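Pasted below: my_file_5.cif, mmCIF, C-alpha atoms and all ligand atoms.
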data_final
#
loop_
_atom_site.label_atom_id
_atom_site.label_comp_id
_atom_site.auth_asym_id
_atom_site.auth_seq_id
_atom_site.Cartn_x
_atom_site.Cartn_y
_atom_site.Cartn_z
CA MET A 172 -197.96 44.45 28.27
CA GLY A 173 -194.51 45.65 29.09
CA THR A 174 -194.67 43.98 32.51
CA ILE A 175 -195.72 40.64 31.06
CA MET A 176 -192.87 40.61 28.57
CA HIS A 177 -190.50 41.59 31.30
CA ARG A 178 -191.73 38.79 33.51
CA GLY A 179 -191.55 36.32 30.64
CA LEU A 180 -187.97 37.31 29.99
CA ARG A 181 -187.06 36.98 33.65
CA CYS A 182 -188.65 33.57 33.75
CA GLY A 183 -186.74 32.54 30.62
CA VAL A 184 -183.45 33.66 32.09
CA PHE A 185 -184.22 31.78 35.27
CA LEU A 186 -185.03 28.57 33.36
CA ALA A 187 -181.90 28.88 31.26
CA ALA A 188 -179.83 29.34 34.41
CA LEU A 189 -181.52 26.38 36.06
CA ALA A 190 -180.93 24.19 32.99
CA TYR A 191 -177.31 25.31 32.91
CA CYS A 192 -176.81 24.50 36.58
CA LEU A 193 -178.41 21.08 36.21
CA LEU A 194 -176.33 20.33 33.15
CA ALA A 195 -173.14 21.58 34.76
CA GLY A 196 -173.94 19.43 37.79
CA ILE A 197 -174.42 16.36 35.65
CA VAL A 198 -171.24 16.99 33.66
CA ALA A 199 -169.25 17.46 36.84
CA ALA A 200 -170.55 14.23 38.38
CA ASP A 201 -169.75 12.37 35.17
CA ASP A 202 -166.25 13.85 35.19
CA ASN A 203 -165.66 12.61 38.71
CA GLU A 204 -166.56 9.08 37.69
CA ASP A 205 -164.21 9.28 34.72
CA ILE A 206 -161.43 10.61 36.93
CA ALA A 207 -161.96 7.70 39.33
CA THR A 208 -161.87 5.24 36.41
CA GLY A 209 -158.70 6.80 35.03
CA GLU A 210 -156.95 6.89 38.38
CA ARG A 211 -157.81 3.27 39.01
CA LEU A 212 -156.50 2.13 35.61
CA ALA A 213 -153.30 4.11 36.16
CA ALA A 214 -152.85 2.72 39.67
CA PHE A 215 -153.17 -0.86 38.48
CA LEU A 216 -150.74 -0.31 35.62
CA ARG A 217 -148.28 1.13 38.14
CA ALA A 218 -148.88 -1.82 40.46
CA GLY A 219 -148.05 -4.20 37.61
CA ARG A 220 -144.89 -2.28 36.78
CA SER A 221 -143.72 -2.34 40.37
CA VAL A 222 -144.28 -6.11 40.57
CA ILE A 223 -142.07 -6.58 37.49
CA SER A 224 -139.53 -4.21 39.02
CA SER A 225 -139.50 -6.17 42.30
CA HIS A 226 -138.64 -9.33 40.35
CA GLN A 227 -136.14 -7.70 37.99
CA ASN A 228 -133.13 -9.49 39.51
CA LEU A 229 -134.89 -12.82 39.21
CA ILE A 230 -135.95 -12.11 35.61
CA ASN A 231 -132.36 -11.14 34.75
CA ASP A 232 -130.80 -14.15 36.49
CA PRO A 233 -129.03 -16.33 33.90
CA ALA A 234 -128.56 -19.19 36.39
CA ILE A 235 -132.23 -19.93 37.03
CA GLY A 236 -134.44 -21.61 34.45
CA ASN A 237 -137.98 -22.01 35.71
CA LYS A 238 -138.65 -18.81 37.68
CA ASN A 239 -142.28 -19.48 38.47
CA LEU A 240 -143.14 -15.91 37.50
CA THR A 241 -146.44 -16.73 35.85
CA GLY A 242 -149.11 -14.33 34.65
CA GLN A 243 -151.31 -15.51 37.47
CA ARG A 244 -148.67 -14.69 40.07
CA VAL A 245 -147.96 -11.25 38.64
CA VAL A 246 -151.70 -10.45 38.57
CA ALA A 247 -152.11 -11.65 42.17
CA GLU A 248 -149.17 -9.56 43.37
CA ALA A 249 -150.33 -6.54 41.39
CA LEU A 250 -153.80 -6.80 42.93
CA GLU A 251 -152.15 -7.00 46.34
CA THR A 252 -150.05 -3.89 45.66
CA PHE A 253 -153.14 -2.15 44.35
CA GLY A 254 -155.05 -3.12 47.49
CA ARG A 255 -152.27 -1.82 49.74
CA GLN A 256 -152.82 1.60 48.16
CA GLY A 257 -156.30 1.47 49.64
CA LYS A 258 -157.83 0.53 46.31
CA SER A 259 -160.08 -2.41 45.77
CA ALA A 260 -161.25 -4.06 42.60
CA ALA A 261 -164.27 -5.31 44.50
CA ALA A 262 -165.40 -1.87 45.68
CA GLY A 263 -169.13 -1.51 45.15
CA ASN A 264 -168.93 1.84 43.39
CA PHE A 265 -167.66 0.34 40.14
CA THR A 266 -170.11 0.46 37.29
CA GLU A 267 -170.41 -2.54 35.00
CA ALA A 268 -168.45 -0.59 32.35
CA ASP A 269 -165.68 0.08 34.88
CA LYS A 270 -165.49 -3.55 35.81
CA GLN A 271 -165.16 -4.57 32.17
CA LEU A 272 -162.22 -2.19 31.69
CA PHE A 273 -160.57 -3.42 34.86
CA ASP A 274 -161.03 -7.06 33.89
CA ALA A 275 -159.57 -6.33 30.45
CA GLN A 276 -156.54 -4.76 32.09
CA ILE A 277 -156.06 -7.75 34.41
CA GLU A 278 -156.30 -10.12 31.44
CA ALA A 279 -153.83 -8.00 29.47
CA LEU A 280 -151.30 -8.21 32.31
CA ARG A 281 -151.70 -11.96 32.62
CA GLU A 282 -151.39 -12.59 28.88
CA VAL A 283 -148.29 -10.44 28.44
CA VAL A 284 -146.44 -12.26 31.24
CA ASP A 285 -147.57 -15.70 30.06
CA GLU A 286 -146.53 -14.97 26.49
CA HIS A 287 -143.05 -14.07 27.72
CA GLN A 288 -142.77 -17.05 30.02
CA LYS A 289 -140.36 -19.01 27.78
CA MET A 290 -138.15 -15.99 27.40
CA ILE A 291 -138.24 -15.18 31.12
CA ASP A 292 -137.29 -18.80 31.87
CA THR A 293 -134.41 -18.94 29.40
CA LYS A 294 -131.30 -20.19 31.19
CA GLY A 295 -127.96 -18.66 30.30
CA VAL A 296 -129.38 -15.28 29.29
CA GLY A 297 -129.05 -12.42 31.75
CA PHE A 298 -130.72 -9.22 30.65
CA LYS A 299 -133.78 -10.10 28.58
CA GLY A 300 -135.25 -6.66 27.95
CA PHE A 301 -138.29 -7.52 30.05
CA ILE A 302 -138.42 -4.32 32.12
CA PRO A 303 -141.33 -2.35 33.63
CA ALA A 304 -141.55 0.20 30.78
CA THR A 305 -141.67 -2.44 28.06
CA PHE A 306 -144.07 -4.56 30.06
CA ALA A 307 -146.37 -1.54 30.56
CA ARG A 308 -146.34 -0.72 26.85
CA LEU A 309 -147.23 -4.31 25.94
CA VAL A 310 -150.02 -4.35 28.54
CA ASN A 311 -151.44 -1.09 27.21
CA GLU A 312 -151.32 -2.39 23.64
CA ARG A 313 -153.12 -5.57 24.67
CA PHE A 314 -155.68 -3.53 26.64
CA GLU A 315 -156.39 -1.52 23.51
CA GLU A 316 -156.89 -4.70 21.47
CA LYS A 317 -159.52 -5.76 23.98
CA VAL A 318 -161.42 -2.56 24.71
CA GLY A 319 -160.03 -0.03 22.22
CA ASP A 320 -163.51 1.10 21.22
CA ARG A 321 -164.10 2.23 24.80
CA ALA A 322 -160.73 3.14 26.24
CA LYS A 323 -157.06 3.57 25.49
CA MET A 324 -154.00 3.75 27.70
CA LYS A 325 -150.46 4.76 26.89
CA VAL A 326 -147.30 5.88 28.64
CA THR A 327 -145.89 8.84 26.80
CA ALA A 328 -143.11 11.36 27.43
CA PRO A 329 -141.83 14.80 26.45
CA VAL A 330 -140.75 14.52 22.78
CA ASP A 331 -137.05 14.95 23.54
CA LEU A 332 -137.18 12.00 25.97
CA VAL A 333 -139.13 9.50 23.87
CA ARG A 334 -137.26 6.22 23.44
CA ASN A 335 -139.83 4.08 21.71
CA ARG A 336 -141.62 5.90 18.87
CA LYS A 337 -144.83 4.19 19.91
CA ALA A 338 -144.69 6.34 23.04
CA SER A 339 -144.58 9.61 21.06
CA PRO A 340 -147.08 12.14 22.40
CA ASP A 341 -149.99 13.19 20.17
CA ASN A 342 -150.82 16.89 19.86
CA TRP A 343 -153.03 16.97 22.93
CA GLU A 344 -150.51 15.09 25.09
CA GLN A 345 -147.64 17.24 23.88
CA SER A 346 -149.44 20.49 24.62
CA VAL A 347 -150.45 19.35 28.12
CA ILE A 348 -146.87 18.23 28.83
CA GLU A 349 -145.35 21.46 27.56
CA GLN A 350 -147.92 23.99 28.70
CA LYS A 351 -148.95 22.42 32.01
CA PHE A 352 -146.53 19.82 33.38
CA LEU A 353 -143.35 21.64 32.34
CA SER A 354 -144.65 25.08 33.34
CA ALA A 355 -143.05 26.63 36.41
CA GLY A 356 -146.10 26.73 38.67
CA TRP A 357 -147.56 23.30 37.93
CA PRO A 358 -148.12 21.43 41.23
CA LYS A 359 -145.98 18.29 41.20
CA GLY A 360 -147.97 15.16 40.51
CA GLN A 361 -151.18 16.94 39.54
CA SER A 362 -152.95 15.37 36.59
CA PHE A 363 -154.82 17.19 33.87
CA VAL A 364 -158.23 16.19 32.54
CA GLU A 365 -160.25 17.54 29.65
CA ALA A 366 -163.32 16.66 27.63
CA VAL A 367 -162.18 16.68 23.99
CA GLU A 368 -163.09 15.15 20.66
CA VAL A 369 -160.89 12.27 19.51
CA ASN A 370 -161.45 11.35 15.86
CA GLY A 371 -164.88 12.95 16.07
CA HIS A 372 -165.86 11.08 19.27
CA PRO A 373 -166.56 13.00 22.46
CA SER A 374 -163.93 11.71 24.86
CA PHE A 375 -162.56 12.14 28.33
CA ARG A 376 -158.81 12.50 28.42
CA MET A 377 -156.53 12.33 31.42
CA LEU A 378 -152.79 12.80 31.66
CA ILE A 379 -150.92 11.87 34.84
CA PRO A 380 -147.32 13.10 35.18
CA GLU A 381 -144.53 10.73 36.20
CA TYR A 382 -141.14 11.71 37.57
CA TYR A 383 -137.78 9.98 37.73
CA SER A 384 -136.80 8.46 41.05
CA ALA A 385 -133.23 7.45 41.89
CA SER A 386 -133.79 3.89 40.60
CA CYS A 387 -134.64 5.16 37.10
CA LEU A 388 -131.34 6.94 36.65
CA THR A 389 -129.24 3.84 35.93
CA CYS A 390 -130.94 4.03 32.52
CA HIS A 391 -132.29 7.58 32.19
CA GLY A 392 -129.64 9.49 34.19
CA MET A 393 -126.06 10.65 33.69
CA PRO A 394 -123.84 10.71 31.81
CA LYS A 395 -126.12 11.86 29.03
CA GLY A 396 -125.59 9.89 25.84
CA GLU A 397 -123.93 6.89 27.48
CA VAL A 398 -125.64 3.71 26.31
CA ASP A 399 -127.58 1.95 29.08
CA VAL A 400 -128.15 -1.79 29.59
CA THR A 401 -131.15 -1.66 27.22
CA GLY A 402 -129.13 -0.18 24.37
CA TYR A 403 -130.59 3.33 24.50
CA PRO A 404 -128.54 6.47 25.19
CA LYS A 405 -129.21 7.89 28.65
CA GLU A 406 -131.20 11.11 28.83
CA GLY A 407 -129.03 12.74 31.50
CA ALA A 408 -132.07 13.17 33.74
CA ALA A 409 -132.02 14.00 37.45
CA GLU A 410 -134.18 12.67 40.24
CA GLY A 411 -137.52 14.50 40.29
CA ASP A 412 -137.45 15.56 36.62
CA LEU A 413 -140.56 14.95 34.58
CA ALA A 414 -140.11 11.53 32.95
CA GLY A 415 -143.37 11.13 31.12
CA ALA A 416 -147.05 10.68 31.66
CA ILE A 417 -149.73 8.02 31.79
CA SER A 418 -152.37 8.93 29.23
CA ILE A 419 -155.91 7.61 29.49
CA THR A 420 -158.72 8.19 27.02
CA LEU A 421 -162.30 7.12 27.68
CA PHE A 422 -164.53 7.26 24.60
CA LYS A 423 -168.10 8.32 25.24
C1 LIG B 501 -133.29 -0.88 32.75
C2 LIG B 501 -133.33 0.46 32.21
C3 LIG B 501 -134.49 1.34 32.59
C4 LIG B 501 -134.89 1.74 33.84
C5 LIG B 501 -134.26 1.37 35.18
C6 LIG B 501 -136.02 2.61 33.65
N1 LIG B 501 -136.32 2.73 32.31
FE1 LIG B 501 -137.73 3.93 31.49
N2 LIG B 501 -137.43 3.06 29.70
C7 LIG B 501 -136.44 2.17 29.41
C8 LIG B 501 -136.62 1.66 28.07
C9 LIG B 501 -135.74 0.64 27.36
C10 LIG B 501 -137.78 2.26 27.56
C11 LIG B 501 -138.45 2.01 26.21
C12 LIG B 501 -139.40 0.84 26.41
C13 LIG B 501 -140.23 0.50 25.20
O1 LIG B 501 -139.69 -0.02 24.23
O2 LIG B 501 -141.43 0.75 25.24
C14 LIG B 501 -138.26 3.15 28.61
C15 LIG B 501 -139.37 3.93 28.49
C16 LIG B 501 -139.81 4.83 29.47
C17 LIG B 501 -140.93 5.71 29.30
C18 LIG B 501 -141.89 5.76 28.11
C19 LIG B 501 -141.52 6.69 27.04
C20 LIG B 501 -140.42 6.21 26.14
O3 LIG B 501 -139.37 6.83 26.20
O4 LIG B 501 -140.57 5.23 25.38
C21 LIG B 501 -141.02 6.42 30.48
C22 LIG B 501 -142.04 7.50 30.81
C23 LIG B 501 -139.98 5.94 31.35
N3 LIG B 501 -139.26 4.98 30.70
C24 LIG B 501 -139.79 6.37 32.64
C25 LIG B 501 -139.03 5.66 33.56
C26 LIG B 501 -139.10 5.87 34.99
C27 LIG B 501 -139.98 6.92 35.66
C28 LIG B 501 -138.27 4.97 35.57
C29 LIG B 501 -138.05 4.70 37.02
C30 LIG B 501 -139.21 4.44 37.84
C31 LIG B 501 -137.67 4.21 34.48
N4 LIG B 501 -138.15 4.67 33.30
C32 LIG B 501 -136.72 3.22 34.68
C33 LIG B 501 -135.40 1.81 30.26
C34 LIG B 501 -135.42 1.97 31.63
#

Could you spell out this file's structure in structure tokens?
Amino acid sequence: MGTIMHRGLRCGVFLAALAYCLLAGIVAADDNEDIATGERLAAFLRAGRSVISSHQNLINDPAIGNKNLTGQRVVAEALETFGRQGKSAAAGNFTEADKQLFDAQIEALREVVDEHQKMIDTKGVGFKGFIPATFARLVNERFEEKVGDRAKMKVTAPVDLVRNRKASPDNWEQSVIEQKFLSAGWPKGQSFVEAVEVNGHPSFRMLIPEYYSASCLTCHGMPKGEVDVTGYPKEGAAEGDLAGAISITLFK
């Protein structure tokens, strides 16, 4: 009698362990897919920003009217930049859901540029406020309008650095920024992912740190408090400081 119970218990423990391992395996595989999705969305947003940055002088040129910087051109150049990073929108390992998110992001980019075409082409106006950060925010907002029930993207920052209130970190973002990214031992560039509930929905969240490079400091650098070309006071940042983070949420 005692032996049978003992064996039954052992068997139960074994099954529980097996179930746990299977489950853990499945969760981990799922996580990897989500990480790939998040990294791809972040990479394409960055590609779009760098295309805008590469045309900043043209955009700011008061002497040129028609600049031929259409949504189609920006999308094409962003896809090229994205491809140069070894990424491909056509890669076979995209699920249908992935492809829909990617297509929504491409459309968002195109629409934002096209909707600003008149402004970009305005002769006689130099600085027009159409800079990578603003462009990225508008693209993320448009992305959310399209697929907000499935995914959300945002560029946020440490609270003391936030310029646009729309970029303010939520509780989760703030705690990851403060407790991970700003902690002494955090490996530079390493993102943080976590499965959490967002408004009662099981969600995958990913935060990718971003740092200031030399080119950012004309606006975000020294002297602290001096108003930059965009009208905001400079943060007094140095090259390599944490600037913010790309935040991606995938709703399950
Ligand atoms: C021409 C000035 C200028 C330059 C150069 C610039 N930024 Fe910004 N940055 C801004 C403005 C203006 C905003 C607010 C945009 C908005 O309204 O969403 C901003 C917003 C941000 C945000 C989002 C959080 C917030 O404060 O609203 C981050 C992160 C950021 N910048 C990082 C960078 C980094 C990194 C670089 C260099 C690669 C850079 N910026 C270059 C002007 C600039």

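The neighbours of Thr208 (chain A) here are the residues that come within 9 Å of it, using only C-alpha atoms and leaving out any residue fewer than 3 positions away in the same chain; they are Asn203, Glu204, Asp205, Arg211, Leu212, Ala213, Phe265, Asp269, Leu272, Phe273 and Leu421 of chain A.
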
Quote the spacing between CA of Arg244 (chain A) and CA of Gln227 (chain A) in Å to one decimal place. 14.5 Å

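Pairwise distance (CA of Gln361 (chain A), atom C27 of ligand LIG 501 (chain B)) equals 15.5 Å.
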
Proximity check chain A to ligand LIG 501 (chain B), 8 Å, nearest pairs one decimal Å, only C-alpha atoms and all ligand atoms, as a Markdown table:
| residue | atom | partner | partner_atom | distance |
| --- | --- | --- | --- | --- |
| A:Gly300 | CA | B:LIG501 | C9 | 7.3 |
| A:Ile302 | CA | B:LIG501 | C1 | 6.2 |
| A:Pro303 | CA | B:LIG501 | N1 | 7.3 |
| A:Ala304 | CA | B:LIG501 | C15 | 4.9 |
| A:Thr305 | CA | B:LIG501 | O2 | 4.3 |
| A:Phe306 | CA | B:LIG501 | O2 | 7.6 |
| A:Ala307 | CA | B:LIG501 | O2 | 7.6 |
| A:Arg308 | CA | B:LIG501 | O2 | 5.4 |
| A:Leu309 | CA | B:LIG501 | O2 | 7.7 |
| A:Val326 | CA | B:LIG501 | C18 | 5.4 |
| A:Thr327 | CA | B:LIG501 | C19 | 4.9 |
| A:Ala328 | CA | B:LIG501 | C19 | 4.9 |
| A:Leu332 | CA | B:LIG501 | O3 | 5.6 |
| A:Val333 | CA | B:LIG501 | O3 | 3.6 |
| A:Arg334 | CA | B:LIG501 | O3 | 3.5 |
| A:Asn335 | CA | B:LIG501 | O4 | 3.9 |
| A:Arg336 | CA | B:LIG501 | O4 | 6.6 |
| A:Lys337 | CA | B:LIG501 | O4 | 7.0 |
| A:Ala338 | CA | B:LIG501 | O4 | 4.9 |
| A:Ser339 | CA | B:LIG501 | C19 | 7.3 |
| A:Glu381 | CA | B:LIG501 | C27 | 6.0 |
| A:Tyr382 | CA | B:LIG501 | C27 | 5.3 |
| A:Tyr383 | CA | B:LIG501 | C27 | 4.3 |
| A:Ser384 | CA | B:LIG501 | C29 | 5.7 |
| A:Ala385 | CA | B:LIG501 | C29 | 7.4 |
| A:Ser386 | CA | B:LIG501 | C29 | 5.6 |
| A:Cys387 | CA | B:LIG501 | C29 | 3.4 |
| A:Leu388 | CA | B:LIG501 | C5 | 6.5 |
| A:Thr389 | CA | B:LIG501 | C5 | 5.6 |
| A:Cys390 | CA | B:LIG501 | C2 | 4.3 |
| A:His391 | CA | B:LIG501 | N1 | 6.3 |
| A:Asp399 | CA | B:LIG501 | C2 | 6.7 |
| A:Val400 | CA | B:LIG501 | C1 | 6.1 |
| A:Thr401 | CA | B:LIG501 | C9 | 5.1 |
| A:Gly402 | CA | B:LIG501 | C9 | 7.3 |
| A:Tyr403 | CA | B:LIG501 | C9 | 6.5 |
| A:Ala414 | CA | B:LIG501 | C22 | 5.0 |
| A:Gly415 | CA | B:LIG501 | C22 | 3.9 |
| A:Ala416 | CA | B:LIG501 | C22 | 6.0 |
| A:Ile417 | CA | B:LIG501 | C22 | 7.8 |

Any chance you could export the current selection's C-alpha atoms as a PDB file, keeping the file's coordinate frame?
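Saved file again22.pdb follows:
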ATOM      1  CA  GLY A 300    -135.250  -6.660  27.950  1.00  0.00           C
ATOM      2  CA  ILE A 302    -138.420  -4.320  32.120  1.00  0.00           C
ATOM      3  CA  PRO A 303    -141.330  -2.350  33.630  1.00  0.00           C
ATOM      4  CA  ALA A 304    -141.550   0.200  30.780  1.00  0.00           C
ATOM      5  CA  THR A 305    -141.670  -2.440  28.060  1.00  0.00           C
ATOM      6  CA  PHE A 306    -144.070  -4.560  30.060  1.00  0.00           C
ATOM      7  CA  ALA A 307    -146.370  -1.540  30.560  1.00  0.00           C
ATOM      8  CA  ARG A 308    -146.340  -0.720  26.850  1.00  0.00           C
ATOM      9  CA  LEU A 309    -147.230  -4.310  25.940  1.00  0.00           C
ATOM     10  CA  VAL A 326    -147.300   5.880  28.640  1.00  0.00           C
ATOM     11  CA  THR A 327    -145.890   8.840  26.800  1.00  0.00           C
ATOM     12  CA  ALA A 328    -143.110  11.360  27.430  1.00  0.00           C
ATOM     13  CA  LEU A 332    -137.180  12.000  25.970  1.00  0.00           C
ATOM     14  CA  VAL A 333    -139.130   9.500  23.870  1.00  0.00           C
ATOM     15  CA  ARG A 334    -137.260   6.220  23.440  1.00  0.00           C
ATOM     16  CA  ASN A 335    -139.830   4.080  21.710  1.00  0.00           C
ATOM     17  CA  ARG A 336    -141.620   5.900  18.870  1.00  0.00           C
ATOM     18  CA  LYS A 337    -144.830   4.190  19.910  1.00  0.00           C
ATOM     19  CA  ALA A 338    -144.690   6.340  23.040  1.00  0.00           C
ATOM     20  CA  SER A 339    -144.580   9.610  21.060  1.00  0.00           C
ATOM     21  CA  GLU A 381    -144.530  10.730  36.200  1.00  0.00           C
ATOM     22  CA  TYR A 382    -141.140  11.710  37.570  1.00  0.00           C
ATOM     23  CA  TYR A 383    -137.780   9.980  37.730  1.00  0.00           C
ATOM     24  CA  SER A 384    -136.800   8.460  41.050  1.00  0.00           C
ATOM     25  CA  ALA A 385    -133.230   7.450  41.890  1.00  0.00           C
ATOM     26  CA  SER A 386    -133.790   3.890  40.600  1.00  0.00           C
ATOM     27  CA  CYS A 387    -134.640   5.160  37.100  1.00  0.00           C
ATOM     28  CA  LEU A 388    -131.340   6.940  36.650  1.00  0.00           C
ATOM     29  CA  THR A 389    -129.240   3.840  35.930  1.00  0.00           C
ATOM     30  CA  CYS A 390    -130.940   4.030  32.520  1.00  0.00           C
ATOM     31  CA  HIS A 391    -132.290   7.580  32.190  1.00  0.00           C
ATOM     32  CA  ASP A 399    -127.580   1.950  29.080  1.00  0.00           C
ATOM     33  CA  VAL A 400    -128.150  -1.790  29.590  1.00  0.00           C
ATOM     34  CA  THR A 401    -131.150  -1.660  27.220  1.00  0.00           C
ATOM     35  CA  GLY A 402    -129.130  -0.180  24.370  1.00  0.00           C
ATOM     36  CA  TYR A 403    -130.590   3.330  24.500  1.00  0.00           C
ATOM     37  CA  ALA A 414    -140.110  11.530  32.950  1.00  0.00           C
ATOM     38  CA  GLY A 415    -143.370  11.130  31.120  1.00  0.00           C
ATOM     39  CA  ALA A 416    -147.050  10.680  31.660  1.00  0.00           C
ATOM     40  CA  ILE A 417    -149.730   8.020  31.790  1.00  0.00           C
TER      41      ILE A 417
END

What does the distance between CA of Met393 (chain A) and CA of Leu353 (chain A) come to in Å, to one decimal place? 20.5 Å

Which residue gives the smallest distance to Lys270 (chain A) among A:Val364, A:Val318, A:Leu413, A:Gly254, with all atoms listed in the file counted? A:Val318

Name the residues in contact with region 341-343 of chain A at a cut-off of 10 Å, using all atoms listed in the file, excluding same-chain residues fewer than 6 positions from it; report them as a ChimeraX atom specification. /A:327,330,365,367,369,376,378

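With all atoms listed in the file as the atoms that count, the residue of A:Ile235, A:Leu216, A:Pro380, A:Phe422 with the shortest distance to Lys359 (chain A) is A:Pro380.
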
Which one of A:Gln288, A:Ile230, A:Gln350, A:Leu280 sits closest to Lys317 (chain A) if you count only C-alpha atoms? A:Leu280

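Neighbouring residues of Arg321 (chain A) at 12 Å or closer, counting only C-alpha atoms and skipping chain neighbours under 5 positions away, are Ala268, Asp269, Gln271, Leu272, Ala275, Phe314, Glu315, Glu316, Val369, His372, Pro373, Ser374, Phe375, Ile419, Thr420, Leu421, Phe422 and Lys423 of chain A.
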